[in-house]
$ cat upload.cif   # mmCIF, C-alpha atoms and all ligand atoms
data_protein
#
loop_
_atom_site.label_atom_id
_atom_site.label_comp_id
_atom_site.auth_asym_id
_atom_site.auth_seq_id
_atom_site.Cartn_x
_atom_site.Cartn_y
_atom_site.Cartn_z
CA MET A 1073 1.72 1.27 -30.58
CA THR A 1074 -0.70 1.73 -27.70
CA PRO A 1075 0.53 4.50 -25.42
CA SER A 1076 1.37 3.51 -21.85
CA VAL A 1077 0.79 5.36 -18.59
CA ALA A 1078 2.39 4.49 -15.24
CA VAL A 1079 0.60 5.74 -12.11
CA VAL A 1080 2.54 5.67 -8.84
CA GLY A 1081 0.04 5.09 -6.02
CA ALA A 1082 -3.40 3.47 -6.05
CA GLY A 1083 -5.16 5.81 -3.63
CA ILE A 1084 -8.40 7.40 -4.79
CA SER A 1085 -6.57 9.91 -7.03
CA GLY A 1086 -4.47 7.25 -8.80
CA ILE A 1087 -7.60 5.17 -9.26
CA GLY A 1088 -9.34 8.31 -10.57
CA VAL A 1089 -6.64 8.62 -13.27
CA ALA A 1090 -7.24 5.02 -14.36
CA TYR A 1091 -11.02 5.53 -14.29
CA ALA A 1092 -10.81 8.64 -16.48
CA LEU A 1093 -8.75 6.68 -19.05
CA ARG A 1094 -10.92 3.56 -19.00
CA ASP A 1095 -12.44 4.13 -22.48
CA ASP A 1096 -9.22 5.35 -24.14
CA ASP A 1097 -6.80 3.25 -26.13
CA VAL A 1098 -4.16 3.51 -23.41
CA ASP A 1099 -2.42 0.88 -21.24
CA VAL A 1100 -2.58 2.03 -17.62
CA THR A 1101 -0.44 0.43 -14.90
CA LEU A 1102 -0.76 1.34 -11.23
CA PHE A 1103 2.04 0.69 -8.73
CA GLU A 1104 0.92 0.51 -5.11
CA GLN A 1105 3.32 -0.05 -2.24
CA GLY A 1106 0.54 -1.29 0.07
CA ARG A 1107 -1.21 -4.64 0.08
CA GLU A 1108 -4.52 -2.93 -0.63
CA VAL A 1109 -5.62 -0.09 -2.85
CA SER A 1110 -7.36 3.10 -1.69
CA GLY A 1111 -4.59 4.73 0.37
CA ARG A 1112 -5.83 7.10 3.07
CA ALA A 1113 -9.45 6.21 2.26
CA ALA A 1114 -8.76 3.22 4.47
CA THR A 1115 -10.98 0.59 6.11
CA ARG A 1116 -10.17 -2.23 8.54
CA TYR A 1117 -12.25 -5.23 9.57
CA LYS A 1118 -11.81 -6.59 13.10
CA GLN A 1119 -13.96 -8.63 15.51
CA GLY A 1120 -17.11 -8.13 13.47
CA CYS A 1121 -16.54 -4.37 13.07
CA THR A 1122 -15.89 -2.37 9.89
CA TYR A 1123 -14.20 0.96 10.51
CA ASP A 1124 -12.86 3.85 8.45
CA TYR A 1125 -9.70 5.01 10.19
CA GLY A 1126 -8.47 7.53 7.59
CA ALA A 1127 -11.09 9.43 5.60
CA ASN A 1128 -14.28 8.95 7.59
CA TYR A 1129 -16.88 9.74 4.97
CA VAL A 1130 -17.48 11.29 1.54
CA ARG A 1131 -19.29 14.56 1.20
CA THR A 1132 -19.66 16.60 -1.95
CA GLU A 1133 -22.26 18.81 -3.53
CA ASP A 1134 -20.39 18.93 -6.82
CA ASP A 1135 -22.89 17.69 -9.43
CA TRP A 1136 -20.17 16.58 -11.82
CA LEU A 1137 -18.62 14.36 -9.15
CA LEU A 1138 -21.98 13.14 -7.88
CA ASP A 1139 -22.68 11.89 -11.43
CA VAL A 1140 -19.49 9.82 -11.33
CA LEU A 1141 -20.27 8.52 -7.84
CA ASP A 1142 -23.83 7.64 -8.91
CA ASN A 1143 -22.37 5.14 -11.38
CA VAL A 1144 -20.37 3.16 -8.84
CA ALA A 1145 -20.92 1.56 -5.48
CA GLN A 1146 -24.48 2.90 -5.28
CA SER A 1147 -25.91 -0.31 -3.88
CA GLY A 1148 -23.36 -0.23 -1.07
CA ARG A 1149 -23.84 3.40 -0.10
CA VAL A 1150 -24.40 3.88 3.64
CA ASP A 1151 -25.77 7.31 4.58
CA ILE A 1152 -24.88 8.79 7.93
CA ASP A 1153 -28.00 10.50 9.24
CA GLU A 1154 -26.86 11.73 12.64
CA PRO A 1155 -25.28 15.21 12.73
CA VAL A 1156 -21.75 16.38 13.44
CA TRP A 1157 -21.59 18.58 16.55
CA THR A 1158 -18.74 20.86 17.63
CA PHE A 1159 -16.66 21.40 20.78
CA ASP A 1160 -14.32 24.13 21.94
CA GLU A 1161 -10.93 24.41 23.64
CA ILE A 1162 -12.27 23.22 27.02
CA GLY A 1163 -14.45 20.50 25.53
CA THR A 1164 -17.84 22.22 25.73
CA ILE A 1165 -20.07 20.50 23.18
CA SER A 1166 -22.59 22.44 21.07
CA GLU A 1167 -25.10 21.41 18.48
CA SER A 1168 -23.79 22.72 15.18
CA ASP A 1169 -25.94 25.40 13.56
CA ARG A 1170 -24.33 24.64 10.21
CA GLU A 1171 -26.41 22.98 7.55
CA GLN A 1172 -25.64 19.26 7.70
CA ALA A 1173 -24.83 18.23 4.12
CA ALA A 1174 -25.32 14.58 3.11
CA LYS A 1175 -22.36 12.40 4.07
CA TRP A 1176 -21.85 8.74 3.42
CA THR A 1177 -19.54 5.75 3.40
CA TYR A 1178 -20.09 2.24 1.99
CA ALA A 1179 -21.21 -1.14 3.31
CA ASP A 1180 -17.61 -2.42 3.12
CA GLY A 1181 -16.23 0.86 4.34
CA ILE A 1182 -14.84 3.89 2.58
CA ALA A 1183 -12.22 1.76 0.75
CA GLN A 1184 -15.06 0.18 -1.25
CA LEU A 1185 -15.36 3.31 -3.39
CA GLY A 1186 -11.83 3.04 -4.79
CA LYS A 1187 -12.12 -0.71 -5.29
CA GLU A 1188 -15.34 -0.34 -7.27
CA LEU A 1189 -14.00 2.50 -9.41
CA LEU A 1190 -10.92 0.42 -10.16
CA ALA A 1191 -13.06 -2.60 -11.08
CA GLU A 1192 -14.57 -0.49 -13.92
CA THR A 1193 -11.13 -0.20 -15.56
CA ASP A 1194 -8.73 -2.58 -17.36
CA ALA A 1195 -5.75 -1.12 -15.53
CA THR A 1196 -2.99 -3.46 -14.38
CA VAL A 1197 -2.31 -3.11 -10.66
CA HIS A 1198 0.97 -4.16 -9.04
CA ARG A 1199 0.32 -4.30 -5.29
CA GLU A 1200 3.14 -4.37 -2.72
CA THR A 1201 5.32 -2.69 -5.34
CA ARG A 1202 7.01 0.44 -4.15
CA VAL A 1203 8.47 2.66 -6.86
CA ALA A 1204 11.85 3.49 -5.34
CA SER A 1205 13.48 5.41 -8.19
CA LEU A 1206 12.74 6.89 -11.58
CA VAL A 1207 14.69 7.38 -14.79
CA ARG A 1208 13.76 9.79 -17.55
CA THR A 1209 15.07 9.01 -21.02
CA GLY A 1210 14.34 10.71 -24.33
CA ASP A 1211 11.66 8.08 -24.93
CA GLY A 1212 9.83 7.89 -21.67
CA TRP A 1213 9.86 7.04 -17.99
CA TYR A 1214 11.25 4.00 -16.20
CA GLY A 1215 10.52 3.02 -12.62
CA TYR A 1216 12.54 0.75 -10.35
CA ASP A 1217 11.39 -0.98 -7.19
CA GLY A 1218 13.44 -1.38 -4.00
CA SER A 1219 15.20 -4.49 -5.32
CA GLY A 1220 16.31 -2.70 -8.49
CA ARG A 1221 13.77 -4.43 -10.71
CA GLU A 1222 12.89 -2.30 -13.72
CA TRP A 1223 9.26 -1.47 -14.48
CA GLY A 1224 9.15 0.37 -17.76
CA GLU A 1225 9.07 2.02 -20.19
CA TYR A 1226 6.05 4.33 -20.03
CA ASP A 1227 5.11 7.27 -22.23
CA VAL A 1228 3.56 9.14 -19.33
CA LEU A 1229 4.19 9.10 -15.58
CA VAL A 1230 1.62 10.21 -12.98
CA LEU A 1231 2.72 10.76 -9.38
CA THR A 1232 0.09 10.52 -6.63
CA PRO A 1233 1.94 9.77 -3.35
CA PRO A 1234 1.68 12.59 -0.75
CA ALA A 1235 3.76 15.61 -1.82
CA PRO A 1236 6.88 14.93 0.34
CA GLN A 1237 7.13 11.40 -1.09
CA SER A 1238 6.49 12.57 -4.65
CA ALA A 1239 9.14 15.30 -4.19
CA ASP A 1240 11.64 12.63 -3.07
CA LEU A 1241 10.96 10.59 -6.20
CA ILE A 1242 11.53 13.63 -8.42
CA GLY A 1243 14.57 14.70 -6.39
CA SER A 1244 16.30 11.34 -6.74
CA ALA A 1245 15.27 10.74 -10.37
CA GLU A 1246 17.91 10.19 -13.02
CA TRP A 1247 16.70 13.08 -15.09
CA GLN A 1248 19.05 15.70 -16.48
CA HIS A 1249 16.89 18.75 -16.95
CA PRO A 1250 16.85 22.08 -15.05
CA HIS A 1251 13.05 21.78 -14.64
CA ARG A 1252 13.51 18.78 -12.34
CA ARG A 1253 14.75 20.95 -9.48
CA ARG A 1254 12.02 23.57 -9.90
CA ILE A 1255 9.26 20.97 -9.97
CA ARG A 1256 10.69 19.18 -6.92
CA GLU A 1257 10.97 22.43 -4.95
CA GLN A 1258 7.35 23.34 -5.68
CA ILE A 1259 6.08 19.93 -4.62
CA GLU A 1260 8.33 19.84 -1.55
CA SER A 1261 7.03 23.22 -0.33
CA ILE A 1262 3.52 21.86 0.36
CA PRO A 1263 3.03 21.65 4.16
CA TYR A 1264 1.31 18.67 5.81
CA ARG A 1265 -0.47 17.85 9.05
CA THR A 1266 0.50 14.74 10.98
CA VAL A 1267 -2.46 12.97 12.59
CA ILE A 1268 -2.68 9.90 14.82
CA SER A 1269 -6.02 8.06 14.54
CA VAL A 1270 -6.94 5.91 17.53
CA VAL A 1271 -9.76 3.37 17.41
CA LEU A 1272 -11.46 2.52 20.72
CA HIS A 1273 -13.95 -0.36 20.98
CA TYR A 1274 -16.48 -0.86 23.82
CA PRO A 1275 -18.78 -3.80 24.58
CA PHE A 1276 -21.67 -1.44 25.29
CA GLU A 1277 -23.71 1.05 23.31
CA LEU A 1278 -23.04 4.75 23.71
CA ASP A 1279 -26.29 6.69 23.65
CA ARG A 1280 -25.67 10.04 21.96
CA ASP A 1281 -27.57 12.17 19.41
CA TYR A 1282 -24.54 12.95 17.27
CA PHE A 1283 -22.46 10.95 14.82
CA ALA A 1284 -19.31 12.91 15.51
CA LEU A 1285 -17.74 15.77 17.40
CA VAL A 1286 -15.37 18.15 15.65
CA ASN A 1287 -13.14 20.77 17.24
CA GLU A 1288 -13.81 23.52 14.74
CA ASP A 1289 -11.53 26.15 16.31
CA LYS A 1290 -8.59 23.66 16.38
CA THR A 1291 -7.62 24.37 19.99
CA HIS A 1292 -8.24 20.99 21.65
CA ASP A 1293 -5.90 17.94 21.70
CA VAL A 1294 -8.70 15.95 20.07
CA TRP A 1295 -9.80 17.22 16.66
CA TRP A 1296 -12.38 14.59 15.78
CA CYS A 1297 -14.30 11.81 17.51
CA SER A 1298 -16.88 9.75 15.58
CA ARG A 1299 -19.15 6.81 16.33
CA GLU A 1300 -18.78 4.12 13.69
CA GLU A 1301 -21.99 2.47 14.97
CA CYS A 1302 -23.90 5.28 13.21
CA LYS A 1303 -22.86 3.62 9.93
CA GLN A 1304 -25.33 0.83 9.26
CA ASP A 1305 -23.92 -2.68 9.86
CA HIS A 1306 -20.42 -1.39 10.67
CA VAL A 1307 -20.60 -2.27 14.37
CA PRO A 1308 -22.66 -5.09 15.95
CA ASP A 1309 -25.69 -4.00 18.02
CA GLY A 1310 -24.91 -3.29 21.65
CA GLU A 1311 -21.31 -2.22 20.92
CA SER A 1312 -19.60 1.08 20.26
CA LEU A 1313 -16.50 1.93 18.21
CA LEU A 1314 -15.00 5.39 18.34
CA VAL A 1315 -12.50 6.80 15.84
CA VAL A 1316 -10.52 9.57 17.52
CA GLN A 1317 -8.18 11.85 15.56
CA LEU A 1318 -5.64 13.85 17.54
CA SER A 1319 -4.45 17.37 16.76
CA PRO A 1320 -1.22 17.71 14.71
CA ASP A 1321 0.65 19.12 17.74
CA TRP A 1322 -0.50 16.30 20.01
CA SER A 1323 0.18 13.73 17.27
CA ALA A 1324 3.72 14.99 16.68
CA GLU A 1325 4.47 15.02 20.42
CA HIS A 1326 3.16 11.47 20.95
CA PHE A 1327 4.26 9.99 17.62
CA HIS A 1328 6.63 7.50 19.26
CA ASP A 1329 4.50 6.55 22.29
CA ASP A 1330 3.99 2.80 22.65
CA ALA A 1331 0.56 1.44 21.72
CA THR A 1332 -0.73 0.91 25.27
CA THR A 1333 0.31 4.36 26.50
CA LEU A 1334 -1.27 5.90 23.43
CA ALA A 1335 -4.56 4.03 23.88
CA ASP A 1336 -4.70 4.90 27.62
CA GLU A 1337 -4.05 8.60 27.02
CA VAL A 1338 -6.52 8.89 24.15
CA ALA A 1339 -9.21 6.89 26.00
CA SER A 1340 -8.87 9.29 28.93
CA LEU A 1341 -9.10 12.39 26.66
CA THR A 1342 -12.14 10.85 24.95
CA ALA A 1343 -13.91 10.02 28.23
CA ASP A 1344 -13.48 13.64 29.35
CA LEU A 1345 -14.75 15.01 26.06
CA VAL A 1346 -17.77 12.71 25.67
CA GLY A 1347 -18.53 12.85 29.39
CA ASP A 1348 -18.59 9.13 30.19
CA ASP A 1349 -16.00 7.56 32.55
CA ARG A 1350 -16.58 4.09 31.09
CA LEU A 1351 -14.73 5.24 27.96
CA THR A 1352 -11.38 5.16 29.82
CA ASP A 1353 -11.47 1.38 29.50
CA PRO A 1354 -11.90 0.12 25.90
CA ASP A 1355 -11.89 -3.67 25.50
CA TRP A 1356 -9.69 -3.36 22.41
CA HIS A 1357 -8.01 -0.61 20.44
CA ASP A 1358 -6.25 0.00 17.17
CA PHE A 1359 -4.39 2.95 15.73
CA GLN A 1360 -2.71 4.43 12.66
CA HIS A 1361 -0.01 7.06 12.46
CA TRP A 1362 -0.58 9.27 9.42
CA ARG A 1363 2.67 11.21 9.02
CA TYR A 1364 1.31 12.87 5.89
CA ALA A 1365 -2.36 13.04 6.81
CA GLN A 1366 -3.58 16.12 5.00
CA PRO A 1367 -1.94 18.85 2.90
CA GLU A 1368 -2.39 22.47 3.91
CA ALA A 1369 -1.81 24.01 0.48
CA GLY A 1370 -1.96 23.04 -3.17
CA LEU A 1371 0.50 22.68 -6.04
CA ASP A 1372 1.37 25.76 -8.02
CA VAL A 1373 -0.21 25.69 -11.47
CA ASP A 1374 3.14 26.65 -13.08
CA ALA A 1375 4.74 23.48 -11.67
CA THR A 1376 1.92 21.41 -13.18
CA LYS A 1377 2.47 22.99 -16.60
CA LEU A 1378 6.23 22.58 -16.38
CA ALA A 1379 5.91 18.91 -15.47
CA ALA A 1380 3.49 18.22 -18.33
CA GLN A 1381 6.22 19.34 -20.79
CA HIS A 1382 8.08 16.19 -19.67
CA ASP A 1383 5.12 13.78 -19.77
CA LEU A 1384 4.97 14.03 -16.02
CA TYR A 1385 1.66 14.63 -14.20
CA CYS A 1386 0.65 14.92 -10.56
CA ALA A 1387 -2.67 14.09 -8.93
CA GLY A 1388 -3.94 13.97 -5.38
CA ASP A 1389 -5.36 16.06 -2.57
CA TRP A 1390 -2.08 18.04 -2.52
CA VAL A 1391 -2.69 19.11 -6.10
CA ALA A 1392 -6.22 20.16 -5.14
CA GLY A 1393 -4.94 21.94 -2.02
CA ARG A 1394 -7.10 20.29 0.65
CA GLY A 1395 -7.23 16.86 2.27
CA ARG A 1396 -10.59 15.72 1.02
CA LEU A 1397 -11.46 12.45 -0.63
CA HIS A 1398 -13.73 13.95 -3.28
CA LEU A 1399 -11.09 16.55 -4.19
CA ALA A 1400 -8.43 13.84 -4.55
CA LEU A 1401 -10.79 11.88 -6.79
CA LYS A 1402 -11.58 14.96 -8.84
CA SER A 1403 -7.87 15.69 -9.21
CA GLY A 1404 -7.30 12.13 -10.46
CA LEU A 1405 -10.18 12.34 -12.94
CA GLU A 1406 -9.02 15.71 -14.27
CA THR A 1407 -5.43 14.55 -14.55
CA GLY A 1408 -6.58 11.44 -16.42
CA ALA A 1409 -8.43 13.70 -18.87
CA ASP A 1410 -5.29 15.86 -19.30
CA VAL A 1411 -3.22 12.74 -20.01
CA ALA A 1412 -5.77 11.56 -22.59
CA ARG A 1413 -5.57 14.94 -24.36
CA SER A 1414 -1.77 14.87 -24.37
CA LEU A 1415 -1.73 11.42 -25.99
CA SER A 1416 -4.36 12.11 -28.64
C1 LIG A 1501 -6.95 10.85 9.50
C2 LIG A 1501 -7.57 11.31 8.21
C3 LIG A 1501 -8.90 11.70 8.17
C4 LIG A 1501 -9.48 12.14 6.98
N1 LIG A 1501 -10.81 12.42 6.96
C5 LIG A 1501 -11.42 12.72 5.78
C6 LIG A 1501 -12.85 12.81 5.70
O1 LIG A 1501 -13.57 12.56 6.66
N2 LIG A 1501 -13.39 13.16 4.50
C7 LIG A 1501 -12.62 13.38 3.40
O2 LIG A 1501 -13.17 13.70 2.33
N3 LIG A 1501 -11.27 13.23 3.44
C8 LIG A 1501 -10.66 12.90 4.60
N4 LIG A 1501 -9.31 12.69 4.64
C9 LIG A 1501 -8.49 12.97 3.44
C10 LIG A 1501 -8.55 11.85 2.38
O3 LIG A 1501 -8.31 10.60 2.99
C11 LIG A 1501 -7.47 12.13 1.36
O4 LIG A 1501 -7.61 13.46 0.87
C12 LIG A 1501 -7.50 11.19 0.15
O5 LIG A 1501 -7.73 9.85 0.55
C13 LIG A 1501 -6.18 11.33 -0.58
O6 LIG A 1501 -6.13 10.44 -1.68
P1 LIG A 1501 -4.84 10.45 -2.61
O7 LIG A 1501 -5.06 9.45 -3.68
O8 LIG A 1501 -4.52 11.85 -2.99
O9 LIG A 1501 -3.64 10.00 -1.65
P2 LIG A 1501 -3.40 8.61 -0.91
O10 LIG A 1501 -4.67 8.03 -0.45
O11 LIG A 1501 -2.35 8.87 0.11
O12 LIG A 1501 -2.81 7.67 -2.05
C14 LIG A 1501 -1.46 7.64 -2.40
C15 LIG A 1501 -1.06 6.17 -2.56
O13 LIG A 1501 0.30 6.12 -2.98
C16 LIG A 1501 0.92 4.99 -2.39
N5 LIG A 1501 2.38 5.23 -2.46
C17 LIG A 1501 3.10 6.18 -1.81
N6 LIG A 1501 4.41 6.14 -2.20
C18 LIG A 1501 4.49 5.12 -3.11
C19 LIG A 1501 5.56 4.57 -3.89
N7 LIG A 1501 6.81 5.09 -3.82
N8 LIG A 1501 5.31 3.54 -4.71
C20 LIG A 1501 4.04 3.01 -4.80
N9 LIG A 1501 2.98 3.49 -4.09
C21 LIG A 1501 3.21 4.55 -3.27
C22 LIG A 1501 0.35 5.00 -0.97
O14 LIG A 1501 0.47 3.73 -0.36
C23 LIG A 1501 -1.12 5.39 -1.24
O15 LIG A 1501 -1.94 4.25 -1.42
C24 LIG A 1501 -8.70 12.22 5.81
C25 LIG A 1501 -7.35 11.83 5.84
C26 LIG A 1501 -6.79 11.36 7.03
C27 LIG A 1501 -5.38 10.87 7.03
#

$ encode --input "upload.cif" --output "structure tokens"
Amino acid sequence: MTPSVAVVGAGISGIGVAYALRDDDVDVTLFEQGREVSGRAATRYKQGCTYDYGANYVRTEDDWLLDVLDNVAQSGRVDIDEPVWTFDEIGTISESDREQAAKWTYADGIAQLGKELLAETDATVHRETRVASLVRTGDGWYGYDGSGREWGEYDVLVLTPPAPQSADLIGSAEWQHPHRRRIREQIESIPYRTVISVVLHYPFELDRDYFALVNEDKTHDVWWCSREECKQDHVPDGESLLVVQLSPDWSAEHFHDDATTLADEVASLTADLVGDDRLTDPDWHDFQHWRYAQPEAGLDVDATKLAAQHDLYCAGDWVAGRGRLHLALKSGLETGADVARSLS
């Protein structure tokens, strides 16, 4: 019988697992709680604008990964030529003296990458299907959604939701083995940053020499502010769209602010930083609260080995140890290869 693999989560790492298994005799099924795939590599389309409000761009100098990326979405690649500059605690902006490595997104936004990788596979994708609980039997893994519907049985299970959510799934699993607790504790111990992303749109062009400003010493309330109009065809001519990411402390403190208060406060912070009073008054705004934005450590290798003894694998930026799109993809590809080896 053809072996079966269930992947919880269709972010870039879950898609990477499916991509790595695309030529193997394996049935891969992805379960994604959202309406769309690609997770935190997220793009929205509004009033003629395309904007990346999670991961803002891809950047890697890893040849192995560049080879994979060269095979997909090449025609849609949108290079960002303007540099990233820095600012300090009091908002003084400096040209960065760091070498500016190539960075890019895609014509349909960063989410296009995951969609195109997925299109290369035969994987079955169940969207709007949240895996709420898991059962481990002697034969395999079963998943259940919120209404109690059973999705199973699978020979191998791959978990890709952010670590706290993956730890919850392991913690609540019907699985009688002492390793369950150890694996859960290791996953649960990975710390995360919370980040609010605020999108500010203006009906005028902002004339600056940089693509983005980053607070490298992590002392300002704003950590990142980028101009989506630097991405070709993402913003109509004569308009400007800023993506502003707030520091974890600021984000936690303002997590429950209402939308208008949030937009007003962030527009004011942005106007001060960029040095243009007009920015206090966007004509529309949007936002996203990322409770689990980026991990600050990686999964212990022992936990990975322990899990594999039970046909359980983990993939994602929290396995890699850093919140980076290319690392999440690499983790998914490597995990897919590990799964293939275990089934051969
Ligand atoms: C604000 C922000 C800015 C960033 N900027 C950059 C950047 O500029 N460059 C860069 O390289 N990286 C950046 N990153 C990091 C990058 O987005 C992530 O590292 C990467 O997208 C993680 O992919 P993943 O597959 O590991 O996780 P995710 O993308 O989180 O995928 C996990 C998926 O699992 C799904 N899921 C969760 N629980 C369940 C469940 N129970 N059942 C079914 N599905 C479930 C989720 O909906 C999600 O789609 C940024 C992240 C954020 C939040």

$ residues_near_ligand --input "upload.cif" --ligand "ligand LIG 1501 (chain A)" --cutoff "7 Å" --atoms "all atoms listed in the file" --output "MDAnalysis selection string"
chainID A and resid 1080:1086 1103:1106 1109:1113 1125:1131 1201:1204 1232:1234 1237 1267:1269 1317 1362 1365:1366 1387:1390 1394:1401

$ residues_near_point --input "upload.cif" --point "(-20.9, 7.0, 0.1)" --cutoff "10 Å" --atoms "all atoms listed in the file" --output "PyMOL selection string"
chain A and resi 1129-1132+1141-1142+1144-1152+1174-1179+1181-1182+1184-1185

$ residues_around --input "upload.cif" --residues "Pro1236 of chain A" --least-positions-apart "3" --cutoff "12 Å" --atoms "only C-alpha atoms" --output "VMD selection string"
chain A and resid 1231 to 1233 1239 to 1243 1256 to 1265 1363 to 1367 1371 1390

$ closest_residue --input "upload.cif" --among "A:Cys1386, A:Glu1222, A:Ala1173, A:Asp1293" --to "Asp1134 of chain A" --atoms "all atoms listed in the file"
A:Ala1173

$ closest_atom_pairs --input "upload.cif" --of "segment 1202-1288 of chain A" --to "segment 1337-1357 of chain A" --cutoff "10 Å" --atoms "only C-alpha atoms" --output "CSV"
residue,atom,partner,partner_atom,distance
A:Ser1269,CA,A:Val1338,CA,9.7
A:Val1270,CA,A:His1357,CA,7.2
A:Val1271,CA,A:His1357,CA,5.3
A:Leu1272,CA,A:His1357,CA,4.7
A:His1273,CA,A:Pro1354,CA,5.4
A:Tyr1274,CA,A:Pro1354,CA,5.1
A:Pro1275,CA,A:Asp1355,CA,7.0
A:Phe1276,CA,A:Arg1350,CA,9.5
A:Leu1278,CA,A:Asp1348,CA,9.0
A:Arg1280,CA,A:Val1346,CA,9.1
A:Leu1285,CA,A:Val1346,CA,8.8

$ atom_distance --input "upload.cif" --atom1 "atom CA of Asp1374 of chain A" --atom2 "atom CA of Ala1090 of chain A"
24.0 Å

$ atom_distance --input "upload.cif" --atom1 "atom CA of Val1207 of chain A" --atom2 "atom CA of Asp1227 of chain A"
12.1 Å

$ residues_around --input "upload.cif" --residues "Cys1297 of chain A" --least-positions-apart "5" --cutoff "7 Å" --atoms "all atoms listed in the file" --output "count of residues only"
7

$ closest_atom_pairs --input "upload.cif" --of "segment 1211-1244 of chain A" --to "segment 1376-1384 of chain A" --cutoff "7 Å" --atoms "all atoms listed in the file" --output "tab-separated table"
residue	atom	partner	partner_atom	distance
A:Asp1227	CA	A:Asp1383	CA	7.0
A:Val1228	CA	A:Asp1383	CA	4.9
A:Leu1229	CA	A:Leu1384	CA	5.0
A:Val1230	CA	A:Leu1384	CA	5.9

$ atom_distance --input "upload.cif" --atom1 "atom CA of Gln1248 of chain A" --atom2 "atom CA of Gly1210 of chain A"
10.4 Å

$ closest_residue --input "upload.cif" --among "A:Arg1116, A:His1251, A:His1198, A:Lys1187" --to "Gly1088 of chain A" --atoms "all atoms listed in the file"
A:Lys1187

$ closest_residue --input "upload.cif" --among "A:Leu1138, A:Val1098, A:Cys1121, A:Ile1165" --to "Glu1288 of chain A" --atoms "only C-alpha atoms"
A:Ile1165

$ closest_residue --input "upload.cif" --among "A:Ala1235, A:Ala1245, A:Ala1412, A:Leu1334" --to "Val1391 of chain A" --atoms "only C-alpha atoms"
A:Ala1235

$ closest_residue --input "upload.cif" --among "A:Thr1158, A:Thr1122, A:Ser1238, A:Gln1360" --to "Asn1287 of chain A" --atoms "all atoms listed in the file"
A:Thr1158

$ closest_residue --input "upload.cif" --among "A:Gly1186, A:Gly1212, A:Gly1310, A:Pro1075" --to "Gly1224 of chain A" --atoms "all atoms listed in the file"
A:Gly1212

$ build_atoms --input "upload.cif" --residues "segment 1159-1170 of chain A" --atoms "N, CA and C atoms" --output "compact mmCIF listing (two decimals), keeping the file's coordinate frame"
# COMPACT_ATOMS: atom_id res chain seq x y z
N PHE A 1159 -17.09 21.14 19.39
CA PHE A 1159 -16.66 21.40 20.78
C PHE A 1159 -15.52 22.40 20.76
N ASP A 1160 -15.33 23.07 21.89
CA ASP A 1160 -14.32 24.13 21.94
C ASP A 1160 -13.08 23.69 22.71
N GLU A 1161 -12.23 24.66 23.01
CA GLU A 1161 -10.93 24.41 23.64
C GLU A 1161 -11.06 23.62 24.96
N ILE A 1162 -12.13 23.92 25.73
CA ILE A 1162 -12.27 23.22 27.02
C ILE A 1162 -13.26 22.05 26.94
N GLY A 1163 -13.63 21.69 25.71
CA GLY A 1163 -14.45 20.50 25.53
C GLY A 1163 -15.94 20.72 25.71
N THR A 1164 -16.39 21.98 25.64
CA THR A 1164 -17.84 22.22 25.73
C THR A 1164 -18.48 21.90 24.37
N ILE A 1165 -19.45 20.99 24.42
CA ILE A 1165 -20.07 20.50 23.18
C ILE A 1165 -21.29 21.35 22.82
N SER A 1166 -21.42 21.68 21.52
CA SER A 1166 -22.59 22.44 21.07
C SER A 1166 -23.16 21.76 19.83
N GLU A 1167 -24.47 21.86 19.72
CA GLU A 1167 -25.10 21.41 18.48
C GLU A 1167 -24.66 22.36 17.39
N SER A 1168 -24.25 21.84 16.24
CA SER A 1168 -23.79 22.72 15.18
C SER A 1168 -24.99 23.40 14.53
N ASP A 1169 -24.84 24.72 14.26
CA ASP A 1169 -25.94 25.40 13.56
C ASP A 1169 -25.71 25.41 12.05
N ARG A 1170 -24.60 24.73 11.65
CA ARG A 1170 -24.33 24.64 10.21
C ARG A 1170 -25.28 23.66 9.55
